[in-house]
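K.L.:
Submitted below is the structure of interest, expressed as C-alpha cells.
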Amino acid sequence: MAHKDRQKTIVEYLELQGACSYEELADRMRVSSMTIRRDVEKLAMAGVAIKILGGAQRANAPSDLYESQLASRLSSQKEEKQAIAVKALDYVVSGETIFLDGSTTCFELAKLLSGHSGDLTVITNSLLIGREVGRNRNISTLIIGGEYDPSTLCCAGPTGEDQIKHFFAEKAFMSTKGFLPTEGTFESSVGLFRIKQMLAKQSGKVILLVDHSKFGQKALCKVLDISQIDTIVTDEGTSEDDLSILEKAGRNVLVSHKELCESEAVEHAT
C-alpha cells in the first residue's frame, strides 16, 4: 500500500474509532510500527491527526473528549471520590493481589490502603499510586513500566502490556473518563485504555469506581463492556434511572454516602 493510501486509511480509521495504537494500525496494514509512526507524524504536521501516548487520535474530536490534566482531575468531585474509595475498601481482602489503575478515584483508595493493616500485593501502572501504597510496609508494590505519560503519571505501551500478561489479580479496581450504563466505559488515551482492557482480562473481578459526573459521558474509545464489570461503586448523586439500568443488567451496585463514609474513614484510620 502506498504511503498516501496508508495515511488516508489511517484518517478514516481514526474517524471511525476515535483513537488507536501504532501496533493496531501496523497490524491492520501489515507494515512495521515505525512506518505507521512516520505516517502519523506527517498526518499530525498536516493537522488531520493528533499524536498521543502509544498511538494517534482524530483531530476533530470535541475538546472534552481529550484526556484532562491530572491536577484538575485530582480536585474534581473530590468528596464523592473519597466516599467511593471508603466503600470500595470493603472489597480489599488481606492476602489478595489487586490491580489499581491510574485514576484519581483509585488514588483516593490508594491513600486509604497506605494505612491498611493486612498483607496485600498491589499492581499498578501509576507512579503516583505506587508511591502512595508503597508507604505501607505490609503492601508489596509492583509497578508496570513502559512509556511514561507526564500528564497522567502513568506508564503504558507494549512493554507494560507484556508485563501485565505475567500477572493475575483477584480484583481490578478502576475508574473511567466516561460511563454509559447500557454500554460500558470510555477513555481518551489509547495506551491507557489498552492497559485497562488487559487488567480486566487478567483479573477475577472488575470493580468500577465511578462518580455521578461520569455517567452519560463518552470519550474517544470504548474500553469495557458493561458485561465485564462485576461491581459498580458510585455516589448518591447518581440518578435512580441509571442505578435501575445497572441492577437490571445484573450488576452489583453500591452507593456511597458522604456522611456515612466520613465516619467509616475515621474507623479505618484508627
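Numbering starts fresh at 1 for the residues of each chain in the C-alpha cells, the chains themselves are lettered A, B, ... in the order given, and ligands are numbered from 1 as they appear.
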Residues near A:Tyr91, anyone? I mean within 12 Å using only C-alpha atoms, not counting same-chain ones fewer than 4 positions away, as a ChimeraX atom specification.
P.N.:
/A:84-87,96-98,109,113,170-173,205-209,230-233,254
K.L.:
Please give the complete set of residues from stretch 15-203 of chain A that DSSP, run on the backbone, assigns to alpha helix (DSSP H), formatted as a PyMOL selection string.
P.N.:
chain A and resi 15-17+22-29+33-45+70-75+78-88+104-113+127-133+158-164+190-201
K.L.:
I'd like the contact shell of A:Ile143 - 8 Å cut-off, only C-alpha atoms, skipping same-chain residues fewer than 2 positions apart - returned as a list in words.
P.N.:
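Non-adjacent residues within range: Ile123, Thr124, Asn125, Ser126, Leu127, Gly130, Thr141 and Gly145 of chain A.
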K.L.:
Determine, counting only C-alpha atoms, which protein, DNA and RNA residues have an atom within 10 Å of an atom of stretch 255-257 of chain A; residues of the same chain fewer than 3 positions away are not included. Present the result as number ranges by chain.
P.N.:
A: 79-88, 211, 232-238, 243, 260-262
K.L.:
Taking N, CA and C atoms for each residue, export the selection above as an mmCIF file, in the first residue's frame.
P.N.:
```cif
data_model
loop_
_atom_site.group_PDB
_atom_site.id
_atom_site.type_symbol
_atom_site.label_atom_id
_atom_site.label_comp_id
_atom_site.auth_asym_id
_atom_site.auth_seq_id
_atom_site.Cartn_x
_atom_site.Cartn_y
_atom_site.Cartn_z
ATOM 1 N N GLU A 79 -14.854 14.986 47.115
ATOM 2 C CA GLU A 79 -15.588 14.368 48.219
ATOM 3 C C GLU A 79 -16.280 13.085 47.777
ATOM 4 N N GLU A 80 -16.852 13.106 46.573
ATOM 5 C CA GLU A 80 -17.515 11.908 46.053
ATOM 6 C C GLU A 80 -16.509 10.768 45.863
ATOM 7 N N LYS A 81 -15.329 11.109 45.347
ATOM 8 C CA LYS A 81 -14.295 10.090 45.132
ATOM 9 C C LYS A 81 -13.806 9.507 46.457
ATOM 10 N N GLN A 82 -13.685 10.356 47.454
ATOM 11 C CA GLN A 82 -13.263 9.875 48.764
ATOM 12 C C GLN A 82 -14.301 8.930 49.366
ATOM 13 N N ALA A 83 -15.577 9.270 49.213
ATOM 14 C CA ALA A 83 -16.641 8.416 49.728
ATOM 15 C C ALA A 83 -16.673 7.080 48.988
ATOM 16 N N ILE A 84 -16.488 7.124 47.697
ATOM 17 C CA ILE A 84 -16.450 5.902 46.889
ATOM 18 C C ILE A 84 -15.285 5.024 47.315
ATOM 19 N N ALA A 85 -14.142 5.647 47.569
ATOM 20 C CA ALA A 85 -12.952 4.890 47.981
ATOM 21 C C ALA A 85 -13.176 4.171 49.310
ATOM 22 N N VAL A 86 -13.829 4.847 50.243
ATOM 23 C CA VAL A 86 -14.118 4.223 51.541
ATOM 24 C C VAL A 86 -14.999 2.997 51.345
ATOM 25 N N LYS A 87 -16.002 3.117 50.488
ATOM 26 C CA LYS A 87 -16.895 1.989 50.210
ATOM 27 C C LYS A 87 -16.139 0.864 49.520
ATOM 28 N N ALA A 88 -15.261 1.212 48.602
ATOM 29 C CA ALA A 88 -14.501 0.208 47.851
ATOM 30 C C ALA A 88 -13.531 -0.547 48.750
ATOM 31 N N ASP A 211 -17.895 8.174 39.879
ATOM 32 C CA ASP A 211 -18.799 9.158 40.478
ATOM 33 C C ASP A 211 -19.865 9.579 39.470
ATOM 34 N N ILE A 232 -20.210 -1.990 40.581
ATOM 35 C CA ILE A 232 -20.064 -0.551 40.373
ATOM 36 C C ILE A 232 -20.242 0.139 41.711
ATOM 37 N N VAL A 233 -19.260 0.937 42.109
ATOM 38 C CA VAL A 233 -19.361 1.743 43.328
ATOM 39 C C VAL A 233 -19.489 3.199 42.895
ATOM 40 N N THR A 234 -20.586 3.834 43.262
ATOM 41 C CA THR A 234 -20.821 5.208 42.852
ATOM 42 C C THR A 234 -21.265 6.036 44.054
ATOM 43 N N ASP A 235 -21.738 7.249 43.811
ATOM 44 C CA ASP A 235 -22.130 8.126 44.920
ATOM 45 C C ASP A 235 -23.603 8.468 44.825
ATOM 46 N N GLU A 236 -24.112 9.171 45.825
ATOM 47 C CA GLU A 236 -25.538 9.446 45.930
ATOM 48 C C GLU A 236 -26.048 10.427 44.878
ATOM 49 N N GLY A 237 -25.146 11.026 44.114
ATOM 50 C CA GLY A 237 -25.582 11.915 43.050
ATOM 51 C C GLY A 237 -26.031 11.192 41.788
ATOM 52 N N THR A 238 -25.810 9.893 41.710
ATOM 53 C CA THR A 238 -26.205 9.109 40.536
ATOM 54 C C THR A 238 -27.716 8.929 40.513
ATOM 55 N N LEU A 243 -29.128 3.812 38.151
ATOM 56 C CA LEU A 243 -28.961 2.699 39.090
ATOM 57 C C LEU A 243 -29.847 1.529 38.700
ATOM 58 N N LEU A 260 -21.955 8.998 55.867
ATOM 59 C CA LEU A 260 -21.621 7.695 56.427
ATOM 60 C C LEU A 260 -20.155 7.359 56.206
ATOM 61 N N CYS A 261 -19.651 7.707 55.032
ATOM 62 C CA CYS A 261 -18.275 7.362 54.693
ATOM 63 C C CYS A 261 -17.264 8.173 55.504
ATOM 64 N N GLU A 262 -17.651 9.367 55.950
ATOM 65 C CA GLU A 262 -16.733 10.149 56.770
ATOM 66 C C GLU A 262 -16.452 9.439 58.083
#
```
K.L.:
Using only C-alpha atoms, find the one residue out of A:Ser239, A:Thr104, A:Ser140, A:Ser189 that sits nearest to A:His212.
P.N.:
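Smallest separation from A:His212 among the options: A:Ser239.
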K.L.:
Taking the DSSP assignment computed from this structure's backbone, write out as JSON, numbers by chain all residues of stretch 69-176 of chain A that belong to strand (DSSP E).
P.N.:
{"A": [97, 98, 99, 100, 120, 121, 122, 123, 124, 139, 140, 141, 142, 143, 147, 148, 149, 154, 155, 156, 169, 170, 171, 172, 173, 174]}
K.L.:
Generate a file of the selected residues that holds C-alpha atoms, formatted as a tab-separated table (two decimals), in the first residue's frame.
P.N.:
```tsv
chain	number	residue	atom	x	y	z
A	97	THR	CA	-3.37	-9.34	44.79
A	98	ILE	CA	-5.21	-6.36	43.32
A	99	PHE	CA	-4.78	-4.08	40.33
A	100	LEU	CA	-5.26	-0.32	40.65
A	120	LEU	CA	-1.52	-7.13	50.23
A	121	THR	CA	0.03	-7.08	46.76
A	122	VAL	CA	-0.82	-4.05	44.63
A	123	ILE	CA	-0.04	-3.88	40.90
A	124	THR	CA	-0.37	-0.52	39.17
A	139	ILE	CA	1.98	-3.95	50.87
A	140	SER	CA	4.13	-5.46	48.14
A	141	THR	CA	4.01	-2.92	45.31
A	142	LEU	CA	4.64	-3.83	41.67
A	143	ILE	CA	4.91	-1.02	39.10
A	147	GLU	CA	6.24	4.62	28.00
A	148	TYR	CA	5.79	7.37	30.61
A	149	ASP	CA	2.98	9.90	30.23
A	154	CYS	CA	1.20	6.57	34.26
A	155	CYS	CA	3.09	4.11	32.06
A	156	ALA	CA	1.62	2.37	29.04
A	169	ALA	CA	-5.18	-10.47	40.36
A	170	GLU	CA	-8.24	-11.37	42.38
A	171	LYS	CA	-9.70	-7.92	41.74
A	172	ALA	CA	-9.10	-4.94	39.47
A	173	PHE	CA	-10.19	-1.54	40.75
A	174	MET	CA	-10.54	1.07	38.04
```
K.L.:
Excluding A:Ala2 and any residue of its chain fewer than 6 positions from it, enumerate the residues within 12 Å of it, using only C-alpha atoms, and give them as a list in words.
P.N.:
Lys8, Thr9, Met29, Val31, Thr35 and Asp39 of chain A
K.L.:
I need the chosen residues saved as a CSV table (one decimal), in the first residue's frame, with N, CA and C atoms.
P.N.:
```
chain,number,residue,atom,x,y,z
A,8,LYS,N,-4.5,7.8,4.2
A,8,LYS,CA,-5.9,8.0,4.0
A,8,LYS,C,-6.7,7.0,4.9
A,9,THR,N,-6.2,5.7,4.9
A,9,THR,CA,-6.8,4.7,5.7
A,9,THR,C,-6.7,5.0,7.2
A,29,MET,N,-2.5,-2.8,8.5
A,29,MET,CA,-2.0,-2.5,7.2
A,29,MET,C,-0.7,-3.3,6.9
A,31,VAL,N,2.3,-3.5,8.1
A,31,VAL,CA,3.6,-2.8,7.9
A,31,VAL,C,4.2,-2.7,9.3
A,35,THR,N,6.9,2.5,10.5
A,35,THR,CA,6.2,3.0,9.3
A,35,THR,C,5.0,3.8,9.6
A,39,ASP,N,4.0,7.8,9.3
A,39,ASP,CA,2.7,8.3,8.7
A,39,ASP,C,2.0,9.2,9.6
```
K.L.:
Taking only C-alpha atoms into account, produce a table as a Markdown table in which each residue of stretch 14-65 of chain A with an atom at most 12 Å from an atom of stretch 158-162 of chain A appears once, together with its shortest atom pair and the distance in Å to one decimal, ordered by chain and rising number.
P.N.:
```
| residue | atom | partner | partner_atom | distance |
| --- | --- | --- | --- | --- |
| A:Ser21 | CA | A:Pro158 | CA | 9.8 |
| A:Tyr22 | CA | A:Pro158 | CA | 10.0 |
| A:Glu23 | CA | A:Pro158 | CA | 8.4 |
| A:Glu24 | CA | A:Pro158 | CA | 11.1 |
| A:Ser33 | CA | A:Pro158 | CA | 11.3 |
| A:Leu53 | CA | A:Pro158 | CA | 11.2 |
| A:Gly54 | CA | A:Pro158 | CA | 8.3 |
| A:Gly55 | CA | A:Pro158 | CA | 11.2 |
```
K.L.:
If you measure from atom CA of A:Arg38 to atom CA of A:Leu14, what distance in Å do you get, rounded to one decimal?
P.N.:
15.9 Å
K.L.:
Any idea what's packed within 12 Å of A:Val11, counting only C-alpha atoms, ignoring anything in its chain fewer than 5 positions away? Could you give it as an MDAnalysis selection string?
P.N.:
chainID A and resid 4:6 16:20 25 36 39:40 42:44 46:50 56:60
K.L.:
Those same residues - C-alpha atoms - I'd like them written as a short mmCIF file (atom, residue, chain, number, x, y, z; two decimals), in the first residue's frame.
P.N.:
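Result written to out-v3.cif:
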```
data_model
loop_
_atom_site.label_atom_id
_atom_site.label_comp_id
_atom_site.auth_asym_id
_atom_site.auth_seq_id
_atom_site.Cartn_x
_atom_site.Cartn_y
_atom_site.Cartn_z
CA LYS A 4 -0.79 8.20 0.63
CA ASP A 5 -3.24 5.30 0.70
CA ARG A 6 -2.00 4.26 4.15
CA LEU A 16 -14.42 5.57 12.96
CA GLN A 17 -12.64 4.53 16.15
CA GLY A 18 -11.67 7.87 17.65
CA ALA A 19 -8.16 6.67 18.53
CA CYS A 20 -5.94 3.61 18.09
CA LEU A 25 -2.66 0.24 12.78
CA ILE A 36 2.95 3.89 10.98
CA ASP A 39 2.72 8.26 8.67
CA VAL A 40 1.13 9.62 11.85
CA LYS A 42 3.06 13.51 8.67
CA LEU A 43 -0.67 13.49 9.44
CA ALA A 44 -0.04 15.38 12.67
CA ALA A 46 -0.88 18.37 8.38
CA GLY A 47 -3.30 18.83 11.28
CA VAL A 48 -5.52 15.84 10.44
CA ALA A 49 -4.41 13.63 13.35
CA ILE A 50 -3.02 14.08 16.86
CA ALA A 56 -2.97 8.59 17.42
CA GLN A 57 -6.40 10.12 17.76
CA ARG A 58 -8.61 12.03 15.40
CA ALA A 59 -8.00 15.75 15.24
CA ASN A 60 -11.60 16.96 15.07
#
```
K.L.:
Under the rule that only C-alpha atoms are counted, which of A:Asn136, A:Ser117, A:Thr105, A:Gln202 is the nearest residue to A:Lys78?
P.N.:
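Among the listed residues, A:Thr105 lies closest to A:Lys78.
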K.L.:
Using only C-alpha atoms, which residues sit within 10 Å of stretch 214-218 of chain A once same-chain residues fewer than 3 positions away are excluded, as JSON, numbers by chain?
P.N.:
{"A": [64, 65, 175, 176, 177, 178, 179, 180, 181, 182, 184, 185, 186, 187, 188, 210, 211, 221, 222, 234, 238, 239, 242]}
K.L.:
Can you tell me how far atom CA of A:Gly118 sits from atom CA of A:Ser94, in Å to one decimal?
P.N.:
4.9 Å
